[in-house]
>>> print(open('start26.cif').read())   # mmCIF, C-alpha atoms
data_start
#
loop_
_atom_site.group_PDB
_atom_site.id
_atom_site.type_symbol
_atom_site.label_atom_id
_atom_site.label_comp_id
_atom_site.auth_asym_id
_atom_site.auth_seq_id
_atom_site.Cartn_x
_atom_site.Cartn_y
_atom_site.Cartn_z
ATOM 1 C CA MET A 333 18.123 51.867 32.240
ATOM 2 C CA TYR A 334 18.812 54.897 34.395
ATOM 3 C CA LYS A 335 20.067 57.684 32.151
ATOM 4 C CA ASN A 336 21.982 59.788 34.675
ATOM 5 C CA THR A 337 24.866 57.348 35.081
ATOM 6 C CA ASN A 338 27.021 60.466 35.273
ATOM 7 C CA LEU A 339 25.994 60.884 38.889
ATOM 8 C CA PHE A 340 27.579 57.594 39.967
ATOM 9 C CA ASP A 341 30.687 58.064 37.820
ATOM 10 C CA ARG A 342 31.148 61.607 39.005
ATOM 11 C CA ILE A 343 30.965 60.682 42.672
ATOM 12 C CA LYS A 344 33.887 58.335 42.097
ATOM 13 C CA LYS A 345 35.725 60.833 39.920
ATOM 14 C CA ALA A 346 35.262 63.657 42.438
ATOM 15 C CA ARG A 347 36.541 61.409 45.214
ATOM 16 C CA LEU A 348 39.622 60.420 43.239
ATOM 17 C CA ILE A 349 40.360 64.007 42.202
ATOM 18 C CA ALA A 350 40.163 64.974 45.881
ATOM 19 C CA GLY A 351 42.636 62.176 46.640
ATOM 20 C CA LEU A 352 40.243 60.380 48.958
ATOM 21 C CA SER A 353 39.790 56.646 49.384
ATOM 22 C CA GLN A 354 36.269 55.275 49.875
ATOM 23 C CA LYS A 355 37.091 54.953 53.570
ATOM 24 C CA ASP A 356 38.241 58.597 53.757
ATOM 25 C CA LEU A 357 35.033 59.842 52.163
ATOM 26 C CA ALA A 358 32.956 57.496 54.307
ATOM 27 C CA LYS A 359 34.551 58.935 57.442
ATOM 28 C CA LYS A 360 33.762 62.487 56.360
ATOM 29 C CA LEU A 361 30.135 61.540 55.692
ATOM 30 C CA GLY A 362 29.716 59.378 58.784
ATOM 31 C CA VAL A 363 28.775 56.289 56.801
ATOM 32 C CA SER A 364 30.509 53.015 55.981
ATOM 33 C CA ASP A 365 32.775 52.637 52.953
ATOM 34 C CA LYS A 366 30.291 50.056 51.640
ATOM 35 C CA THR A 367 27.715 52.832 51.342
ATOM 36 C CA ILE A 368 30.162 54.942 49.333
ATOM 37 C CA SER A 369 30.777 51.894 47.149
ATOM 38 C CA ALA A 370 26.983 51.570 46.668
ATOM 39 C CA TYR A 371 26.819 55.217 45.478
ATOM 40 C CA GLU A 372 29.633 54.615 43.003
ATOM 41 C CA MET A 373 28.468 51.208 41.770
ATOM 42 C CA LYS A 374 24.898 52.322 40.925
ATOM 43 C CA ARG A 375 23.333 50.492 43.852
ATOM 44 C CA ALA A 376 22.018 53.583 45.643
ATOM 45 C CA ILE A 377 21.187 57.182 44.845
ATOM 46 C CA PRO A 378 22.551 59.441 47.568
ATOM 47 C CA PRO A 379 19.901 61.664 49.203
ATOM 48 C CA VAL A 380 20.264 65.402 48.498
ATOM 49 C CA LEU A 381 21.823 66.176 51.891
ATOM 50 C CA THR A 382 24.361 63.401 51.413
ATOM 51 C CA LEU A 383 25.198 64.677 47.954
ATOM 52 C CA GLN A 384 25.801 68.108 49.442
ATOM 53 C CA LYS A 385 28.200 66.528 51.938
ATOM 54 C CA ILE A 386 29.968 64.668 49.106
ATOM 55 C CA ALA A 387 30.286 67.969 47.232
ATOM 56 C CA GLU A 388 31.786 69.654 50.297
ATOM 57 C CA ALA A 389 34.162 66.777 51.035
ATOM 58 C CA THR A 390 35.392 66.595 47.434
ATOM 59 C CA LYS A 391 35.373 70.390 46.974
ATOM 60 C CA GLN A 392 33.118 70.219 43.928
ATOM 61 C CA PRO A 393 29.958 72.251 43.283
ATOM 62 C CA VAL A 394 26.772 70.176 43.579
ATOM 63 C CA GLU A 395 26.031 70.878 39.877
ATOM 64 C CA TYR A 396 29.150 68.903 38.978
ATOM 65 C CA PHE A 397 27.323 65.675 39.807
ATOM 66 C CA PHE A 398 24.493 66.413 37.401
ATOM 67 C CA LYS A 399 26.532 67.877 34.552
ATOM 68 C CA GLN A 400 25.619 66.298 31.227
ATOM 69 C CA GLU A 401 28.343 64.584 29.301
ATOM 70 C CA GLU A 402 29.617 66.742 26.412
ATOM 71 C CA PRO A 403 29.765 64.863 23.067
ATOM 72 C CA ASN A 404 33.506 65.498 22.707
ATOM 73 C CA GLU A 405 34.045 64.508 26.294
ATOM 74 C CA PHE A 406 33.520 60.829 25.510
ATOM 75 C CA ASN A 407 37.069 59.841 24.611
ATOM 76 C CA GLN A 408 38.487 61.943 27.379
ATOM 77 C CA GLN A 409 36.101 60.332 29.839
ATOM 78 C CA THR A 410 37.054 56.852 28.700
ATOM 79 C CA ILE A 411 40.696 57.688 29.324
ATOM 80 C CA GLU A 412 39.822 59.301 32.641
ATOM 81 C CA ARG A 413 37.875 56.211 33.743
ATOM 82 C CA LYS A 414 40.836 54.004 32.912
ATOM 83 C CA LEU A 415 43.114 56.379 34.799
ATOM 84 C CA ASP A 416 40.724 56.240 37.768
ATOM 85 C CA ILE A 417 41.025 52.466 37.830
ATOM 86 C CA ILE A 418 44.835 52.674 37.655
ATOM 87 C CA ILE A 419 44.905 55.254 40.477
ATOM 88 C CA ASP A 420 42.671 52.999 42.572
ATOM 89 C CA GLU A 421 44.903 49.986 41.943
ATOM 90 C CA LEU A 422 48.053 51.988 42.754
ATOM 91 C CA ARG A 423 46.489 53.179 45.977
ATOM 92 C CA LYS A 424 45.655 49.608 46.985
ATOM 93 C CA ILE A 425 49.194 48.455 46.153
ATOM 94 C CA SER A 426 50.808 51.338 48.065
ATOM 95 C CA LYS A 427 48.689 50.508 51.132
ATOM 96 C CA LYS A 428 49.888 46.909 51.019
ATOM 97 C CA LEU A 429 53.576 48.006 50.919
ATOM 98 C CA MET B 864 4.647 60.899 78.883
ATOM 99 C CA LYS B 865 7.005 63.829 79.068
ATOM 100 C CA ALA B 866 5.887 66.675 76.809
ATOM 101 C CA ILE B 867 7.806 66.759 73.565
ATOM 102 C CA ALA B 868 9.509 70.088 72.966
ATOM 103 C CA LYS B 869 8.375 71.759 69.744
ATOM 104 C CA LYS B 870 11.971 71.981 68.538
ATOM 105 C CA ASP B 871 12.548 68.231 68.964
ATOM 106 C CA PHE B 872 9.392 67.371 67.129
ATOM 107 C CA THR B 873 10.093 69.753 64.231
ATOM 108 C CA ASN B 874 13.637 68.470 63.687
ATOM 109 C CA LEU B 875 12.340 64.947 63.625
ATOM 110 C CA LEU B 876 9.604 65.793 61.127
ATOM 111 C CA LEU B 877 12.048 67.564 58.837
ATOM 112 C CA GLU B 878 14.329 64.539 58.809
ATOM 113 C CA VAL B 879 11.442 62.110 58.362
ATOM 114 C CA GLY B 880 10.232 64.288 55.465
ATOM 115 C CA LEU B 881 13.468 63.614 53.601
ATOM 116 C CA LEU B 882 12.150 60.108 52.950
ATOM 117 C CA LYS B 883 9.621 61.646 50.553
ATOM 118 C CA LYS B 884 12.515 62.654 48.323
ATOM 119 C CA VAL B 885 14.433 59.367 48.439
ATOM 120 C CA LEU B 886 13.417 57.451 45.350
ATOM 121 C CA ARG B 887 13.268 53.656 45.294
ATOM 122 C CA THR B 888 16.570 52.772 43.635
ATOM 123 C CA GLY B 889 15.350 49.614 41.906
ATOM 124 C CA TRP B 890 12.690 51.450 39.895
ATOM 125 C CA VAL B 891 14.929 54.397 39.043
ATOM 126 C CA LEU B 892 17.687 52.138 37.735
ATOM 127 C CA LYS B 893 15.189 50.304 35.547
ATOM 128 C CA GLY B 894 14.169 53.605 33.974
ATOM 129 C CA VAL B 895 10.760 54.142 35.575
ATOM 130 C CA LYS B 896 9.793 57.802 35.202
ATOM 131 C CA ASN B 897 8.596 59.603 38.329
ATOM 132 C CA ALA B 898 9.424 56.530 40.395
ATOM 133 C CA GLU B 899 7.835 56.284 43.819
ATOM 134 C CA SER B 900 9.687 57.422 46.922
ATOM 135 C CA VAL B 901 10.566 55.277 49.916
ATOM 136 C CA ALA B 902 7.898 57.213 51.860
ATOM 137 C CA ASP B 903 5.291 56.212 49.238
ATOM 138 C CA HIS B 904 6.314 52.593 49.683
ATOM 139 C CA SER B 905 6.292 52.732 53.494
ATOM 140 C CA TRP B 906 2.821 54.275 53.492
ATOM 141 C CA ARG B 907 1.340 51.354 51.580
ATOM 142 C CA VAL B 908 3.245 48.821 53.691
ATOM 143 C CA ALA B 909 1.538 50.485 56.691
ATOM 144 C CA ILE B 910 -1.882 50.214 55.005
ATOM 145 C CA LEU B 911 -1.233 46.522 54.327
ATOM 146 C CA ALA B 912 -0.259 46.091 57.991
ATOM 147 C CA LEU B 913 -3.404 47.877 59.131
ATOM 148 C CA ILE B 914 -5.693 45.722 57.004
ATOM 149 C CA LEU B 915 -4.002 42.349 57.390
ATOM 150 C CA ALA B 916 -3.089 42.438 61.104
ATOM 151 C CA PRO B 917 -6.498 41.202 62.371
ATOM 152 C CA GLN B 918 -6.535 38.278 59.885
ATOM 153 C CA LEU B 919 -3.001 37.349 60.841
ATOM 154 C CA LYS B 920 -3.888 37.651 64.534
ATOM 155 C CA VAL B 921 -0.937 39.891 65.329
ATOM 156 C CA ASP B 922 -0.724 43.159 67.266
ATOM 157 C CA GLN B 923 -2.078 45.716 64.776
ATOM 158 C CA LEU B 924 -0.556 48.821 66.363
ATOM 159 C CA LYS B 925 2.836 47.177 66.697
ATOM 160 C CA LEU B 926 2.684 46.068 63.055
ATOM 161 C CA VAL B 927 1.675 49.507 61.731
ATOM 162 C CA LYS B 928 4.370 51.233 63.795
ATOM 163 C CA MET B 929 7.019 48.850 62.502
ATOM 164 C CA ALA B 930 5.801 49.283 58.925
ATOM 165 C CA LEU B 931 6.113 53.057 59.199
ATOM 166 C CA ILE B 932 9.580 52.855 60.734
ATOM 167 C CA HIS B 933 11.135 49.975 58.782
ATOM 168 C CA ASP B 934 12.810 52.066 56.037
ATOM 169 C CA LEU B 935 13.147 55.366 57.903
ATOM 170 C CA GLY B 936 16.944 55.217 58.092
ATOM 171 C CA GLU B 937 17.029 55.459 54.312
ATOM 172 C CA ALA B 938 16.063 59.134 54.627
ATOM 173 C CA LEU B 939 19.687 59.919 55.453
ATOM 174 C CA ILE B 940 21.466 57.101 53.596
ATOM 175 C CA GLY B 941 19.429 56.357 50.473
ATOM 176 C CA ASP B 942 17.796 53.152 49.314
ATOM 177 C CA ILE B 943 20.757 50.784 48.958
ATOM 178 C CA LYS B 944 20.154 47.851 46.648
ATOM 179 C CA TRP B 945 21.868 44.849 48.221
ATOM 180 C CA GLU B 946 20.018 42.080 46.370
ATOM 181 C CA LYS B 947 19.236 41.476 42.726
ATOM 182 C CA GLY B 948 16.513 38.889 42.359
ATOM 183 C CA LYS B 949 17.606 36.089 44.676
ATOM 184 C CA ARG B 950 21.290 37.059 44.564
ATOM 185 C CA VAL B 951 23.082 39.029 47.249
ATOM 186 C CA ILE B 952 25.091 41.868 45.658
ATOM 187 C CA GLY B 953 25.944 43.985 48.690
ATOM 188 C CA SER B 954 26.310 43.910 52.442
ATOM 189 C CA GLN B 955 23.007 43.972 54.308
ATOM 190 C CA GLU B 956 24.930 44.207 57.574
ATOM 191 C CA GLU B 957 26.730 47.404 56.541
ATOM 192 C CA LYS B 958 23.478 48.871 55.223
ATOM 193 C CA HIS B 959 21.839 48.208 58.578
ATOM 194 C CA LYS B 960 24.825 49.678 60.396
ATOM 195 C CA ASP B 961 24.399 53.003 58.597
ATOM 196 C CA GLU B 962 20.626 52.941 58.904
ATOM 197 C CA ARG B 963 20.981 52.291 62.638
ATOM 198 C CA LYS B 964 23.150 55.414 62.966
ATOM 199 C CA ALA B 965 20.564 57.416 61.012
ATOM 200 C CA ILE B 966 17.623 56.166 63.078
ATOM 201 C CA LYS B 967 19.443 56.859 66.343
ATOM 202 C CA LYS B 968 20.315 60.368 65.155
ATOM 203 C CA MET B 969 16.698 61.060 64.179
ATOM 204 C CA PHE B 970 15.257 59.904 67.469
ATOM 205 C CA ALA B 971 18.078 61.151 69.693
ATOM 206 C CA ASP B 972 16.329 64.313 70.881
ATOM 207 C CA ASN B 973 13.879 62.713 73.241
ATOM 208 C CA PRO B 974 14.080 59.549 75.392
ATOM 209 C CA SER B 975 10.418 58.778 74.705
ATOM 210 C CA PHE B 976 11.338 58.128 71.069
ATOM 211 C CA LYS B 977 13.367 55.089 72.079
ATOM 212 C CA GLU B 978 10.418 52.803 71.335
ATOM 213 C CA TYR B 979 10.789 53.663 67.635
ATOM 214 C CA ILE B 980 14.472 52.737 67.634
ATOM 215 C CA ASP B 981 13.479 49.491 69.358
ATOM 216 C CA SER B 982 10.787 48.863 66.747
ATOM 217 C CA TRP B 983 13.353 49.268 63.959
ATOM 218 C CA GLU B 984 15.797 46.969 65.773
ATOM 219 C CA GLU B 985 13.049 44.390 66.140
ATOM 220 C CA PHE B 986 12.350 44.557 62.403
ATOM 221 C CA VAL B 987 16.018 44.185 61.505
ATOM 222 C CA GLY B 988 16.429 41.340 63.997
ATOM 223 C CA GLN B 989 13.721 39.317 62.177
ATOM 224 C CA LYS B 990 13.023 37.194 65.242
ATOM 225 C CA THR B 991 9.437 38.108 66.185
ATOM 226 C CA ILE B 992 6.283 37.284 64.235
ATOM 227 C CA GLU B 993 5.580 41.009 63.669
ATOM 228 C CA ALA B 994 9.070 41.566 62.225
ATOM 229 C CA LYS B 995 8.664 38.596 59.893
ATOM 230 C CA ILE B 996 5.220 39.772 58.772
ATOM 231 C CA VAL B 997 6.450 43.324 58.044
ATOM 232 C CA LYS B 998 9.270 41.854 55.955
ATOM 233 C CA GLN B 999 6.687 39.928 53.923
ATOM 234 C CA LEU B 1000 4.498 43.035 53.582
ATOM 235 C CA ASP B 1001 7.564 44.979 52.439
ATOM 236 C CA LYS B 1002 8.027 42.481 49.604
ATOM 237 C CA LEU B 1003 4.318 42.266 48.799
ATOM 238 C CA GLU B 1004 4.122 46.045 48.472
ATOM 239 C CA MET B 1005 7.106 45.921 46.125
ATOM 240 C CA VAL B 1006 5.402 43.481 43.740
ATOM 241 C CA ILE B 1007 2.105 45.382 43.923
ATOM 242 C CA GLN B 1008 4.063 48.435 42.759
ATOM 243 C CA ALA B 1009 5.774 46.354 40.071
ATOM 244 C CA LEU B 1010 2.347 45.206 38.918
ATOM 245 C CA GLU B 1011 1.226 48.836 38.701
ATOM 246 C CA TYR B 1012 4.237 49.742 36.584
ATOM 247 C CA GLU B 1013 3.700 46.708 34.348
ATOM 248 C CA ASN B 1014 0.039 47.657 34.056
ATOM 249 C CA SER B 1015 0.956 51.185 32.988
ATOM 250 C CA GLY B 1016 2.974 49.838 30.058
ATOM 251 C CA TYR B 1017 6.549 49.298 31.245
ATOM 252 C CA PRO B 1018 8.078 46.050 29.902
ATOM 253 C CA SER B 1019 7.151 43.154 32.142
ATOM 254 C CA LYS B 1020 10.645 41.640 31.985
ATOM 255 C CA TRP B 1021 12.062 44.744 33.734
ATOM 256 C CA PHE B 1022 10.322 43.554 36.872
ATOM 257 C CA ASP B 1023 11.185 39.840 36.880
ATOM 258 C CA GLU B 1024 13.995 40.338 39.389
ATOM 259 C CA PHE B 1025 11.605 41.999 41.882
ATOM 260 C CA TRP B 1026 9.149 39.102 41.690
ATOM 261 C CA GLU B 1027 12.020 36.644 42.133
ATOM 262 C CA ASN B 1028 13.212 38.586 45.146
ATOM 263 C CA ALA B 1029 9.746 38.647 46.716
ATOM 264 C CA GLU B 1030 9.397 34.902 46.197
ATOM 265 C CA LYS B 1031 12.593 34.391 48.187
ATOM 266 C CA TYR B 1032 10.906 35.956 51.222
ATOM 267 C CA LEU B 1033 7.349 34.723 50.770
ATOM 268 C CA ALA B 1034 7.733 31.047 49.854
ATOM 269 C CA GLY B 1035 6.381 28.957 52.703
ATOM 270 C CA GLN B 1036 5.483 32.030 54.767
ATOM 271 C CA GLU B 1037 2.201 33.361 56.207
ATOM 272 C CA LEU B 1038 1.443 35.571 53.207
ATOM 273 C CA GLU B 1039 2.450 33.150 50.473
ATOM 274 C CA ASN B 1040 -1.140 32.740 49.255
ATOM 275 C CA TYR B 1041 -1.571 36.440 48.671
ATOM 276 C CA PHE B 1042 1.731 36.460 46.777
ATOM 277 C CA HIS B 1043 0.453 33.646 44.515
ATOM 278 C CA TYR B 1044 -2.728 35.630 43.939
ATOM 279 C CA LEU B 1045 -0.627 38.575 42.777
ATOM 280 C CA GLN B 1046 1.459 36.277 40.573
ATOM 281 C CA ASP B 1047 -1.768 35.107 38.918
ATOM 282 C CA LYS B 1048 -2.836 38.725 38.364
ATOM 283 C CA ARG B 1049 0.498 39.300 36.662
ATOM 284 C CA LYS B 1050 0.041 36.272 34.415
ATOM 285 C CA GLN B 1051 -3.422 37.530 33.412
ATOM 286 C CA LEU B 1052 -1.932 40.907 32.584
ATOM 287 C CA LYS B 1053 0.757 39.282 30.451
ATOM 288 C CA THR B 1054 -1.841 37.308 28.465
ATOM 289 C CA LYS B 1055 -3.851 40.481 27.836
ATOM 290 C CA ILE B 1056 -0.732 42.107 26.349
#
>>> encode(input="start26.cif", output="structure tokens")
Amino acid sequence: MYKNTNLFDRIKKARLIAGLSQKDLAKKLGVSDKTISAYEMKRAIPPVLTLQKIAEATKQPVEYFFKQEEPNEFNQQTIERKLDIIIDELRKISKKL
Amino acid sequence: MKAIAKKDFTNLLLEVGLLKKVLRTGWVLKGVKNAESVADHSWRVAILALILAPQLKVDQLKLVKMALIHDLGEALIGDIKWEKGKRVIGSQEEKHKDERKAIKKMFADNPSFKEYIDSWEEFVGQKTIEAKIVKQLDKLEMVIQALEYENSGYPSKWFDEFWENAEKYLAGQELENYFHYLQDKRKQLKTKI
């Protein structure tokens, strides 16, 4: 399997840190939110220019997306992933209200 | 034809060149090292079109043009995987929507480029014989590449989903026989291993 799963996870993480929904990021990139979902769900690798745009939109350096996972980062990342899911759910709920 | 300004042509070539750096997602996700690019794939689809057009009694130039254009939008979007084997896992419509934007942007500089946008639209529409043939060639090229990877030592089972996907598009179609021939080649390879 593809080793650099960090790329996909980090796109989602960067988006959430920037407080953007998939639609928000899609608008900034000029693509559909389904394409953003494909980048986050390991269904597409964003081309370099697109990754640069993602970096700009999320205010992260491009290197962030390729950073290797530190061994002691594992537990923290697990927690962060769970937090990401909670943030996503909360956002969906708040939009419904 | 109106002369194409150097600037227009260069911009277009730079954008088209990006396709050489877009890797085929399916292979990368499986773990293939130095996986082919979408440009690599399109090139061999065009060769298939060139060779098979006379036998299929279709317009050769139209077929080759369409083969070269069919994945061009991926240069700006990436190769989005929307099927796994025979299953649909994403929206083809949304993928096409973004590719359409990309293609229109690429060819926006000169009105004479409109024929390429039209060629892409024809492919996506899947109504004409040429569009249907290019779709089949697209899938045939994919399994030829899978066969190459299998031949070079990657586990055969990695590629089952690609063969299943190709079958979905080739069963009962003009190029079904060639697909069966490739399936037989694969079986022979498996017995050797």
>>> atom_distance(input="start26.cif", atom1="atom CA of A:Glu388", atom2="atom CA of A:Gly351")
13.7 Å
>>> closest_atom_pairs(input="start26.cif", of="chain A", to="chain B", cutoff="9 Å", atoms="only C-alpha atoms", output="CSV")
residue,atom,partner,partner_atom,distance
A:Met333,CA,B:Gly894,CA,4.7
A:Tyr334,CA,B:Leu892,CA,4.5
A:Lys335,CA,B:Gly894,CA,7.4
A:Gly362,CA,B:Asp961,CA,8.3
A:Val363,CA,B:Asp961,CA,5.8
A:Ser364,CA,B:Asp961,CA,6.6
A:Asp365,CA,B:Glu957,CA,8.8
A:Lys366,CA,B:Glu957,CA,6.6
A:Thr367,CA,B:Lys958,CA,7.0
A:Ala370,CA,B:Ile943,CA,6.7
A:Tyr371,CA,B:Ile943,CA,8.3
A:Lys374,CA,B:Leu892,CA,7.9
A:Arg375,CA,B:Lys944,CA,5.0
A:Ala376,CA,B:Ile943,CA,4.5
A:Ile377,CA,B:Gly941,CA,6.0
A:Pro378,CA,B:Gly941,CA,5.3
A:Pro379,CA,B:Gly941,CA,5.5
A:Val380,CA,B:Lys884,CA,8.2
A:Leu381,CA,B:Leu939,CA,7.5
A:Thr382,CA,B:Leu939,CA,7.1
>>> atom_distance(input="start26.cif", atom1="atom CA of B:Glu899", atom2="atom CA of B:Val1006")
13.0 Å
>>> resolve_selection(input="start26.cif", expression="the PyMOL selection byres ((chain B and resi 1011) around 12)", output="list in words")
Trp890, Val895, Ala898, Glu899, Glu1004, Met1005, Val1006, Ile1007, Gln1008, Ala1009, Leu1010, Tyr1012, Glu1013, Asn1014, Ser1015, Gly1016, Tyr1017, Pro1018, Ser1019, Phe1022, Leu1045, Lys1048, Arg1049 and Leu1052 of chain B
>>> write_last_selection(input="start26.cif", atoms="C-alpha atoms", output="PDB file, keeping the file's coordinate frame")
ATOM      1  CA  TRP B 890      12.690  51.450  39.895  1.00  0.00           C
ATOM      2  CA  VAL B 895      10.760  54.142  35.575  1.00  0.00           C
ATOM      3  CA  ALA B 898       9.424  56.530  40.395  1.00  0.00           C
ATOM      4  CA  GLU B 899       7.835  56.284  43.819  1.00  0.00           C
ATOM      5  CA  GLU B1004       4.122  46.045  48.472  1.00  0.00           C
ATOM      6  CA  MET B1005       7.106  45.921  46.125  1.00  0.00           C
ATOM      7  CA  VAL B1006       5.402  43.481  43.740  1.00  0.00           C
ATOM      8  CA  ILE B1007       2.105  45.382  43.923  1.00  0.00           C
ATOM      9  CA  GLN B1008       4.063  48.435  42.759  1.00  0.00           C
ATOM     10  CA  ALA B1009       5.774  46.354  40.071  1.00  0.00           C
ATOM     11  CA  LEU B1010       2.347  45.206  38.918  1.00  0.00           C
ATOM     12  CA  TYR B1012       4.237  49.742  36.584  1.00  0.00           C
ATOM     13  CA  GLU B1013       3.700  46.708  34.348  1.00  0.00           C
ATOM     14  CA  ASN B1014       0.039  47.657  34.056  1.00  0.00           C
ATOM     15  CA  SER B1015       0.956  51.185  32.988  1.00  0.00           C
ATOM     16  CA  GLY B1016       2.974  49.838  30.058  1.00  0.00           C
ATOM     17  CA  TYR B1017       6.549  49.298  31.245  1.00  0.00           C
ATOM     18  CA  PRO B1018       8.078  46.050  29.902  1.00  0.00           C
ATOM     19  CA  SER B1019       7.151  43.154  32.142  1.00  0.00           C
ATOM     20  CA  PHE B1022      10.322  43.554  36.872  1.00  0.00           C
ATOM     21  CA  LEU B1045      -0.627  38.575  42.777  1.00  0.00           C
ATOM     22  CA  LYS B1048      -2.836  38.725  38.364  1.00  0.00           C
ATOM     23  CA  ARG B1049       0.498  39.300  36.662  1.00  0.00           C
ATOM     24  CA  LEU B1052      -1.932  40.907  32.584  1.00  0.00           C
TER      25      LEU B1052
END
>>> residues_around(input="start26.cif", residues="A:Lys391", least_positions_apart="6", cutoff="12 Å", atoms="all atoms listed in the file", output="PDB file with C-alpha atoms, keeping the file's coordinate frame")
ATOM      1  CA  ILE A 343      30.965  60.682  42.672  1.00  0.00           C
ATOM      2  CA  LYS A 345      35.725  60.833  39.920  1.00  0.00           C
ATOM      3  CA  ALA A 346      35.262  63.657  42.438  1.00  0.00           C
ATOM      4  CA  ARG A 347      36.541  61.409  45.214  1.00  0.00           C
ATOM      5  CA  LEU A 348      39.622  60.420  43.239  1.00  0.00           C
ATOM      6  CA  ILE A 349      40.360  64.007  42.202  1.00  0.00           C
ATOM      7  CA  ALA A 350      40.163  64.974  45.881  1.00  0.00           C
ATOM      8  CA  GLY A 351      42.636  62.176  46.640  1.00  0.00           C
ATOM      9  CA  LEU A 352      40.243  60.380  48.958  1.00  0.00           C
ATOM     10  CA  LEU A 357      35.033  59.842  52.163  1.00  0.00           C
ATOM     11  CA  LEU A 383      25.198  64.677  47.954  1.00  0.00           C
ATOM     12  CA  GLN A 384      25.801  68.108  49.442  1.00  0.00           C
ATOM     13  CA  LYS A 385      28.200  66.528  51.938  1.00  0.00           C
ATOM     14  CA  PHE A 397      27.323  65.675  39.807  1.00  0.00           C
TER      15      PHE A 397
END
>>> resolve_selection(input="start26.cif", expression="the PyMOL selection byres ((chain B and resi 929) around 12)", output="JSON, numbers by chain")
{"B": [905, 906, 908, 909, 910, 911, 912, 913, 922, 923, 924, 925, 926, 927, 928, 930, 931, 932, 933, 934, 935, 978, 979, 980, 981, 982, 983, 984, 985, 986, 987, 989, 991, 992, 993, 994, 995, 996, 997, 998, 1000, 1001]}
>>> axis_aligned_box(input="start26.cif", around="stretch 380-392 of chain A", padding_each_side="6 Å", output="AutoDock Vina command-line options")
--center_x 27.8 --center_y 66.9 --center_z 47.9 --size_x 27.1 --size_y 19.0 --size_z 20.0
>>> residues_around(input="start26.cif", residues="A:Met373", least_positions_apart="4", cutoff="9 Å", atoms="all atoms listed in the file", output="number ranges by chain")
A: 340-341, 344, 368-369
>>> atom_distance(input="start26.cif", atom1="atom CA of B:Met969", atom2="atom CA of B:Gly880")
11.3 Å
>>> resolve_selection(input="start26.cif", expression="the PyMOL selection byres ((chain A and resi 423-427) around 12)", output="number ranges by chain")
A: 348, 351-354, 416-422, 428-429
